[in-house]
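Before any comments, here is the structure.
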Amino acid sequence: MHLINFSATGWGSWDVTRQPLIRDQMPVLIDDDLLFEDTPGAPRPTMAVNHWLREMPLNGAPALRTWENNARCLRDWLAFLTARGVHPFKDRDDLRAALSMYAEYRLAGELKNRWDHTTWNLHVGILSSFYNWAKDEGLTAVVPFSYRMGKRMADGVLVEVKRNLAKLRQPRPHTTIKYLEWDFAELFVRALAGLGPDGEPDTRYRPVREAARNAAMGKFVRSSGLRKQEFTHLTTYEVPPLPPRPTTLPVQFPLAYAITKGEKDRVTWVHYEALAEMHQYIDLDRAASAEGFRWRPPAKLGQPLHIEEPDWEGAHINGERRSWRKLSPAERLCLVTPEGQSPLVSLQSTGKPFVDWATVFRRTSARIRERYEPRFPTVAPHRLRHTMAMRTLEQLMAGYYQRVAAVEKTGDDAAMALYLMKNDPMVILRDLLGHWSVTSTELYIARLDITRIFREAYKDTAVGADAAAEVEASGEFDDEDDI
């Protein structure tokens with residue numbers, strides 16, 4: 001079975017009356033014989049899967065990565081059923097027996113086919129969604145899963161939830177180290193700047209011009225919780241202006257929805273010290289890197305997008321006024337400023353846009369392990385987001401921001417102060433991270449370190465959790481492999 005990404009390029013030569021109503025890059029499953037029907041009017045199961053995939057953007061899943069994850073899950077399931085002569089829409093007993101064999105295949109089979117419990121649960125959730133959709137569409141009368149009802153707290157309200165019994169229950173770990181304790185976080189950003197644990201220059205570290213860039217971005221991400229795609233494709237025009245005076249309360253930081261995960265509108269924050277260091281990098285080191293360089297995006301990226309009259313909201317791009325919020329990551333790489341440079345915050349010393357943060361973080365982690373701390377983990381860009389989440393939650397639950405807000409209730413900080421004083425800590429963290437539901441935030445934080453943070457403050461009363469919240473919380477750990 002083949003999995004491809006659809007492209008409408010050249011559709012006029014396909015002997016069709018109109019362009020197919022399929023989004024660009026949408027995954028499509030095709031059987032090995034390249035047929036979609038056994039006989040006219042008898043579509044194969046791959047047709048149902050493709051139909052379901054096409055509707056995902058309308059059902060709260062606008063991201064290409066989500067489509068591909070779902071498509072791979074269904075491809076593997078259909079291939080497994082085909083090899084055993086089981087039709088995916090027929091007898092429930094056969095399907096449940098096949099599902100039991102699939103569990104053995106994925107959890108206790110050969111190493112190359114084996115999944116961990118988290119991956120299994122994620123795929124079970126996808127299959128459950130697909131079969132419930134197929135039943136609603138009249139494609140099947142059966143769903144091969146059993147469910148049990150339970151209750152859990154969500155947004156302070158006790159609600160009923162449905163748990164898929166095929167999902168594996170896992171004991172809560174004492175700790176899952178997916179973030180950096182604050183002393184390790186400090187060590188990391190100092191190493192990015194070429195400094196040792198004491199803050200003095202590391203004499204064994206070959207100074208590089210990008211050290212100021214790396215340190216400024218490391219602190220910026222640790223403070224704001226940006227995902228890799230968000231900070232890699234951030235432009236200088238979107239960096240919040242530096243307040244006229246230092247402030248204890250963080251500065252609001254709106255993000256362009258076109259570069260956020262799932263294209264969700266979100267406003268996070270960044271602390272004054274991290275923002276000040278970012279502005280210093282932009283004004284000094286970045287300006288030195290960009291001076292005299294003329295950026296011309298390679299042809300494989302697309303046509304240059306020339307910026308005129310830029311401001312905080314947007315600019316005239318190739319003669320048409322457009323908002324930064326609507327520019328995709330690929331389009332941002334093609335932007336050219338009025339000075340002929342790339343507007344992305346991070347530049348190489350040559351003036352070209354810099355995007356390979358995973359390598360910088362990995363090499364810095366290795367240097368720390370070699371010279372200072374053998375226990376130091378390999379830091380992926382997303383680990384700094386986890387670090388910000390844990391640090392913020394600790395300070396919210398300790399009342400730190402609320403006490404500061406009670407003092408700073410006037411001037412530019414008034415809106416932030418009111419927000420901090422009126423909202424529950426978990427709601428604040430939900431908004432900063434960009435989750436749809438506070439339930440997602442609870443599950444996400446629980447996976448980071450349930451014992452230390454929630455021993456007294458939170459107890460899970462559910463036999464299961466909302467499926468959408470589980471998927472969103474699990475998705476926070478997808479980028480951990482990008483190291």
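The way I read the labels, and the way they are meant: chains A, B, ... in the order of the structure tokens, residue 1 as the first residue of every chain, and ligand 1 as the first ligand shown, with later ones counted on from there.
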
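Around range 30-44 of chain A, within 7 Å and counting only C-alpha atoms, the residues found are A:Met1, A:His2, A:Leu3, A:Val28, A:Thr46, A:Met47, once anything fewer than 2 positions away on its own chain is removed.
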
At a cut-off of 12 Å, using only C-alpha atoms, what residues contact range 413-416 of chain A? Leave out same-chain residues fewer than 6 positions from it and give the result as a VMD selection string. chain A and resid 243 to 253 267 to 270 401 to 402 404 to 407 422 to 423 428

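Picture a line from CA of Thr236 in chain A to CA of Arg391 in chain A; it runs 26.4 Å.
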
Got a sec to tell me which of range 75-182 of chain A DSSP assigns to strand (DSSP E or B), as a list in words? Tyr147, Arg148, Met149, Gly150, Lys151, Arg152, Met153, Ala154, Val157, Leu158, Val159, Glu160, Val161, Lys162, Arg163 and Asn164 of chain A

Go ahead and write the selection's residues with all heavy atoms as a short mmCIF file (atom, residue, chain, number, x, y, z; two decimals), in the first residue's frame.
```cif
data_model
loop_
_atom_site.label_atom_id
_atom_site.label_comp_id
_atom_site.auth_asym_id
_atom_site.auth_seq_id
_atom_site.Cartn_x
_atom_site.Cartn_y
_atom_site.Cartn_z
N TYR A 147 -15.94 0.59 25.23
CA TYR A 147 -15.71 1.81 25.99
C TYR A 147 -16.32 1.70 27.38
O TYR A 147 -17.24 0.91 27.62
CB TYR A 147 -16.31 3.02 25.27
CG TYR A 147 -15.78 3.22 23.87
CD1 TYR A 147 -16.41 2.62 22.77
CD2 TYR A 147 -14.66 4.00 23.63
CE1 TYR A 147 -15.93 2.79 21.48
CE2 TYR A 147 -14.17 4.19 22.34
CZ TYR A 147 -14.82 3.58 21.27
OH TYR A 147 -14.33 3.75 20.00
N ARG A 148 -15.79 2.52 28.28
CA ARG A 148 -16.35 2.60 29.62
C ARG A 148 -16.47 4.06 30.01
O ARG A 148 -15.58 4.86 29.74
CB ARG A 148 -15.45 1.87 30.62
CG ARG A 148 -16.08 1.74 32.01
CD ARG A 148 -15.20 0.91 32.92
NE ARG A 148 -14.01 1.64 33.35
CZ ARG A 148 -13.04 1.11 34.08
NH1 ARG A 148 -13.10 -0.18 34.43
NH2 ARG A 148 -12.00 1.83 34.45
N MET A 149 -17.57 4.41 30.65
CA MET A 149 -17.81 5.79 31.05
C MET A 149 -17.17 6.05 32.41
O MET A 149 -17.12 5.17 33.27
CB MET A 149 -19.29 6.11 31.09
CG MET A 149 -20.00 5.94 29.77
SD MET A 149 -19.27 6.93 28.43
CE MET A 149 -19.55 8.59 29.06
N GLY A 150 -16.71 7.26 32.59
CA GLY A 150 -16.14 7.67 33.87
C GLY A 150 -16.32 9.16 34.03
O GLY A 150 -17.02 9.81 33.25
N LYS A 151 -15.70 9.73 35.05
CA LYS A 151 -15.81 11.15 35.31
C LYS A 151 -14.43 11.73 35.57
O LYS A 151 -13.54 11.05 36.06
CB LYS A 151 -16.72 11.42 36.52
CG LYS A 151 -18.17 10.97 36.32
CD LYS A 151 -18.99 11.29 37.54
CE LYS A 151 -20.43 10.79 37.39
NZ LYS A 151 -21.12 11.50 36.29
N ARG A 152 -14.25 13.00 35.23
CA ARG A 152 -13.03 13.71 35.53
C ARG A 152 -13.33 15.19 35.69
O ARG A 152 -14.38 15.68 35.26
CB ARG A 152 -11.96 13.49 34.48
CG ARG A 152 -12.17 14.25 33.19
CD ARG A 152 -10.97 14.18 32.26
NE ARG A 152 -9.89 15.02 32.71
CZ ARG A 152 -8.73 14.54 33.16
NH1 ARG A 152 -8.50 13.25 33.20
NH2 ARG A 152 -7.77 15.35 33.54
N MET A 153 -12.41 15.91 36.32
CA MET A 153 -12.55 17.35 36.47
C MET A 153 -11.98 18.03 35.23
O MET A 153 -10.86 17.74 34.81
CB MET A 153 -11.81 17.85 37.71
CG MET A 153 -12.41 17.36 39.02
SD MET A 153 -14.09 17.96 39.31
CE MET A 153 -13.78 19.71 39.44
N ALA A 154 -12.74 18.93 34.65
CA ALA A 154 -12.28 19.71 33.49
C ALA A 154 -12.77 21.14 33.66
O ALA A 154 -13.98 21.38 33.77
CB ALA A 154 -12.80 19.13 32.19
N VAL A 157 -15.17 21.63 36.51
CA VAL A 157 -16.48 20.99 36.44
C VAL A 157 -16.32 19.49 36.27
O VAL A 157 -15.46 19.04 35.50
CB VAL A 157 -17.32 21.57 35.26
CG1 VAL A 157 -18.67 20.88 35.18
CG2 VAL A 157 -17.48 23.07 35.42
N LEU A 158 -17.12 18.70 36.98
CA LEU A 158 -17.09 17.26 36.84
C LEU A 158 -17.87 16.86 35.60
O LEU A 158 -19.06 17.14 35.49
CB LEU A 158 -17.70 16.59 38.09
CG LEU A 158 -17.49 15.09 38.22
CD1 LEU A 158 -16.00 14.77 38.39
CD2 LEU A 158 -18.28 14.54 39.41
N VAL A 159 -17.18 16.24 34.64
CA VAL A 159 -17.82 15.88 33.38
C VAL A 159 -17.63 14.39 33.13
O VAL A 159 -16.72 13.76 33.66
CB VAL A 159 -17.22 16.68 32.20
CG1 VAL A 159 -17.47 18.16 32.37
CG2 VAL A 159 -15.73 16.40 32.07
N GLU A 160 -18.54 13.84 32.32
CA GLU A 160 -18.43 12.44 31.93
C GLU A 160 -17.47 12.30 30.76
O GLU A 160 -17.46 13.13 29.85
CB GLU A 160 -19.81 11.87 31.56
CG GLU A 160 -20.72 11.63 32.74
CD GLU A 160 -21.92 10.77 32.36
OE1 GLU A 160 -22.20 10.65 31.15
OE2 GLU A 160 -22.58 10.23 33.27
N VAL A 161 -16.69 11.25 30.79
CA VAL A 161 -15.76 10.97 29.70
C VAL A 161 -15.88 9.50 29.32
O VAL A 161 -16.35 8.68 30.10
CB VAL A 161 -14.30 11.28 30.08
CG1 VAL A 161 -14.09 12.76 30.31
CG2 VAL A 161 -13.90 10.50 31.32
N LYS A 162 -15.47 9.20 28.10
CA LYS A 162 -15.55 7.83 27.60
C LYS A 162 -14.14 7.32 27.38
O LYS A 162 -13.35 7.94 26.66
CB LYS A 162 -16.35 7.80 26.29
CG LYS A 162 -16.59 6.40 25.77
CD LYS A 162 -17.62 6.40 24.64
CE LYS A 162 -17.15 7.12 23.41
NZ LYS A 162 -18.06 6.95 22.25
N ARG A 163 -13.79 6.20 27.99
CA ARG A 163 -12.46 5.63 27.88
C ARG A 163 -12.47 4.42 26.98
O ARG A 163 -13.30 3.51 27.15
CB ARG A 163 -11.92 5.24 29.26
CG ARG A 163 -10.57 4.55 29.19
CD ARG A 163 -9.99 4.26 30.55
NE ARG A 163 -8.72 3.54 30.42
CZ ARG A 163 -8.58 2.23 30.50
NH1 ARG A 163 -9.63 1.47 30.75
NH2 ARG A 163 -7.41 1.66 30.34
N ASN A 164 -11.56 4.41 26.02
CA ASN A 164 -11.38 3.27 25.13
C ASN A 164 -10.61 2.19 25.88
O ASN A 164 -9.46 2.40 26.28
CB ASN A 164 -10.62 3.71 23.88
CG ASN A 164 -10.61 2.66 22.80
OD1 ASN A 164 -10.60 1.45 23.08
ND2 ASN A 164 -10.60 3.09 21.55
#
```

Residue nearest Leu168 in chain A among A:Arg72, A:His279, A:His123, A:Arg362 (counting only C-alpha atoms): A:His123

All helix (DSSP H, G or I) residues (DSSP, backbone) inside range 19-72 of chain A, as a ChimeraX atom specification: /A:45-59,64-72

Any chance you could export the current selection's C-alpha atoms as a PDB file, in the first residue's frame?
```pdb
ATOM      1  CA  PRO A  45     -11.517   0.721   2.048  1.00  0.00           C
ATOM      2  CA  THR A  46      -8.751   3.076   0.948  1.00  0.00           C
ATOM      3  CA  MET A  47     -11.456   5.282  -0.587  1.00  0.00           C
ATOM      4  CA  ALA A  48     -13.128   5.620   2.821  1.00  0.00           C
ATOM      5  CA  VAL A  49      -9.805   6.458   4.464  1.00  0.00           C
ATOM      6  CA  ASN A  50      -9.060   9.110   1.850  1.00  0.00           C
ATOM      7  CA  HIS A  51     -12.526  10.590   2.358  1.00  0.00           C
ATOM      8  CA  TRP A  52     -11.921  10.765   6.109  1.00  0.00           C
ATOM      9  CA  LEU A  53      -8.515  12.374   5.618  1.00  0.00           C
ATOM     10  CA  ARG A  54      -9.967  15.046   3.311  1.00  0.00           C
ATOM     11  CA  GLU A  55     -12.437  16.051   6.033  1.00  0.00           C
ATOM     12  CA  MET A  56      -9.781  16.431   8.739  1.00  0.00           C
ATOM     13  CA  PRO A  57      -9.158  20.156   8.033  1.00  0.00           C
ATOM     14  CA  LEU A  58     -12.870  20.737   8.669  1.00  0.00           C
ATOM     15  CA  ASN A  59     -12.789  18.756  11.908  1.00  0.00           C
ATOM     16  CA  LEU A  64      -0.095  18.636   7.551  1.00  0.00           C
ATOM     17  CA  ARG A  65       1.779  16.665  10.198  1.00  0.00           C
ATOM     18  CA  THR A  66      -1.524  15.596  11.801  1.00  0.00           C
ATOM     19  CA  TRP A  67      -2.870  14.421   8.441  1.00  0.00           C
ATOM     20  CA  GLU A  68       0.264  12.394   7.792  1.00  0.00           C
ATOM     21  CA  ASN A  69       0.239  10.792  11.253  1.00  0.00           C
ATOM     22  CA  ASN A  70      -3.374   9.724  10.774  1.00  0.00           C
ATOM     23  CA  ALA A  71      -2.718   8.478   7.251  1.00  0.00           C
ATOM     24  CA  ARG A  72       0.242   6.352   8.364  1.00  0.00           C
TER      25      ARG A  72
END
```

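Candidate residues A:Leu99, A:Ala389, A:Leu284, A:Ile22 were compared for distance to Tyr179 in chain A, and the nearest is A:Ala389, using only C-alpha atoms.
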
Measure the distance from CA of Leu78 in chain A to CA of Gly262 in chain A in Å and round it to one decimal. 26.8 Å

Applying 7 Å and only C-alpha atoms, which residues near range 125-136 of chain A remain after dropping the ones on its own chain fewer than 5 positions away? List them as a tab-separated table (two decimals) with all heavy atoms, in the first residue's frame.
```
chain	number	residue	atom	x	y	z
A	70	ASN	N	-2.15	10.50	10.89
A	70	ASN	CA	-3.37	9.72	10.77
A	70	ASN	C	-3.34	8.80	9.57
A	70	ASN	O	-3.79	7.66	9.64
A	70	ASN	CB	-4.59	10.67	10.70
A	70	ASN	CG	-4.98	11.24	12.04
A	70	ASN	OD1	-5.89	10.76	12.70
A	70	ASN	ND2	-4.28	12.27	12.48
A	141	ALA	N	-21.49	-0.87	10.33
A	141	ALA	CA	-22.45	-0.89	11.44
A	141	ALA	C	-21.76	-1.19	12.76
A	141	ALA	O	-22.41	-1.19	13.81
A	141	ALA	CB	-23.55	-1.93	11.17
A	142	VAL	N	-20.45	-1.46	12.71
A	142	VAL	CA	-19.76	-1.89	13.92
A	142	VAL	C	-18.50	-1.05	14.16
A	142	VAL	O	-17.91	-0.51	13.23
A	142	VAL	CB	-19.37	-3.38	13.84
A	142	VAL	CG1	-20.60	-4.25	13.66
A	142	VAL	CG2	-18.37	-3.63	12.72
A	143	VAL	N	-18.14	-0.96	15.42
A	143	VAL	CA	-16.88	-0.34	15.85
A	143	VAL	C	-16.14	-1.39	16.69
A	143	VAL	O	-16.72	-1.92	17.63
A	143	VAL	CB	-17.14	0.93	16.68
A	143	VAL	CG1	-15.82	1.48	17.25
A	143	VAL	CG2	-17.82	2.00	15.85
A	467	ALA	N	-10.50	12.39	24.58
A	467	ALA	CA	-9.60	11.90	23.53
A	467	ALA	C	-8.84	13.03	22.85
A	467	ALA	O	-7.65	12.95	22.60
A	467	ALA	CB	-10.39	11.09	22.50
```

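Shortest separation to Phe89 in chain A among A:Ala274, A:Leu396, A:Leu139, A:Val124 occurs at residue A:Leu139, atoms counted being only C-alpha atoms.
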
For Val86 in chain A, find every residue with an atom within 9 Å (counting only C-alpha atoms), except residues of its own chain fewer than 5 positions away, and show them as a ChimeraX atom specification. /A:80-81,91,94-95,98

Pull C-alpha atoms from the residues just selected and write them as a short mmCIF file (atom, residue, chain, number, x, y, z; two decimals), in the first residue's frame.
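Dumped to selection15.cif:
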```
data_model
loop_
_atom_site.label_atom_id
_atom_site.label_comp_id
_atom_site.auth_asym_id
_atom_site.auth_seq_id
_atom_site.Cartn_x
_atom_site.Cartn_y
_atom_site.Cartn_z
CA PHE A 80 -2.19 -5.63 8.58
CA LEU A 81 -5.84 -6.56 7.92
CA ASP A 91 -17.68 -8.70 11.08
CA ASP A 94 -13.14 -10.76 13.23
CA LEU A 95 -12.10 -7.14 13.69
CA ALA A 98 -7.48 -8.89 14.43
#
```

Range 195-202 of chain A: which residues within 10 Å, counting only C-alpha atoms, same-chain residues fewer than 4 positions away excluded, as a list in words? Asp183, Phe184, Glu186, Leu187, Phe188, Val189, Arg190, Ala191, Arg206, Pro207, Ala211, Ala215, Ile368, Arg371, Tyr372 and Glu373 of chain A

Extract, using only C-alpha atoms, all DNA, RNA and protein residues at most 6 Å from range 339-349 of chain A, discarding same-chain residues fewer than 2 positions from it, and format them as a VMD selection string. chain A and resid 234 to 236 289 294 to 295 336 to 337 351 to 354

With C-alpha atoms kept, could you save the residues just selected as a tab-separated table (two decimals), in the first residue's frame?
```
chain	number	residue	atom	x	y	z
A	234	LEU	CA	9.96	34.78	13.56
A	235	THR	CA	10.72	38.12	11.87
A	236	THR	CA	12.30	41.15	13.51
A	289	SER	CA	25.84	39.87	10.13
A	294	ARG	CA	21.96	40.70	-0.19
A	295	TRP	CA	19.53	37.84	0.37
A	336	VAL	CA	13.42	40.28	1.35
A	337	THR	CA	13.55	43.55	3.30
A	351	GLY	CA	23.71	37.08	6.61
A	352	LYS	CA	21.73	34.05	5.42
A	353	PRO	CA	18.67	32.92	7.43
A	354	PHE	CA	19.51	30.36	10.11
```

Go through range 330-405 of chain A residue by residue and, counting only C-alpha atoms, keep those with an atom at most 9 Å from range 439-446 of chain A; for each kept residue give the shortest atom pair and its distance in Å to one decimal, ordered by chain and increasing number, as a tab-separated table.
```
residue	atom	partner	partner_atom	distance
A:His386	CA	A:Ile445	CA	8.6
A:Ala389	CA	A:Ile445	CA	7.9
A:Met390	CA	A:Ile445	CA	7.5
A:Leu393	CA	A:Ile445	CA	9.0
```

Would you save the residues from that selection as a short mmCIF file (atom, residue, chain, number, x, y, z; two decimals), in the first residue's frame, using C-alpha atoms?
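Final output, saved to result.cif:
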```
data_model
loop_
_atom_site.label_atom_id
_atom_site.label_comp_id
_atom_site.auth_asym_id
_atom_site.auth_seq_id
_atom_site.Cartn_x
_atom_site.Cartn_y
_atom_site.Cartn_z
CA HIS A 386 8.62 22.30 28.57
CA ALA A 389 5.82 25.53 31.23
CA MET A 390 7.15 24.00 34.44
CA LEU A 393 3.42 26.79 36.66
#
```

Have a look at A:Arg430, A:Lys90, A:His233, A:Arg23 and name the one nearest to Pro144 in chain A; count only C-alpha atoms. A:Lys90
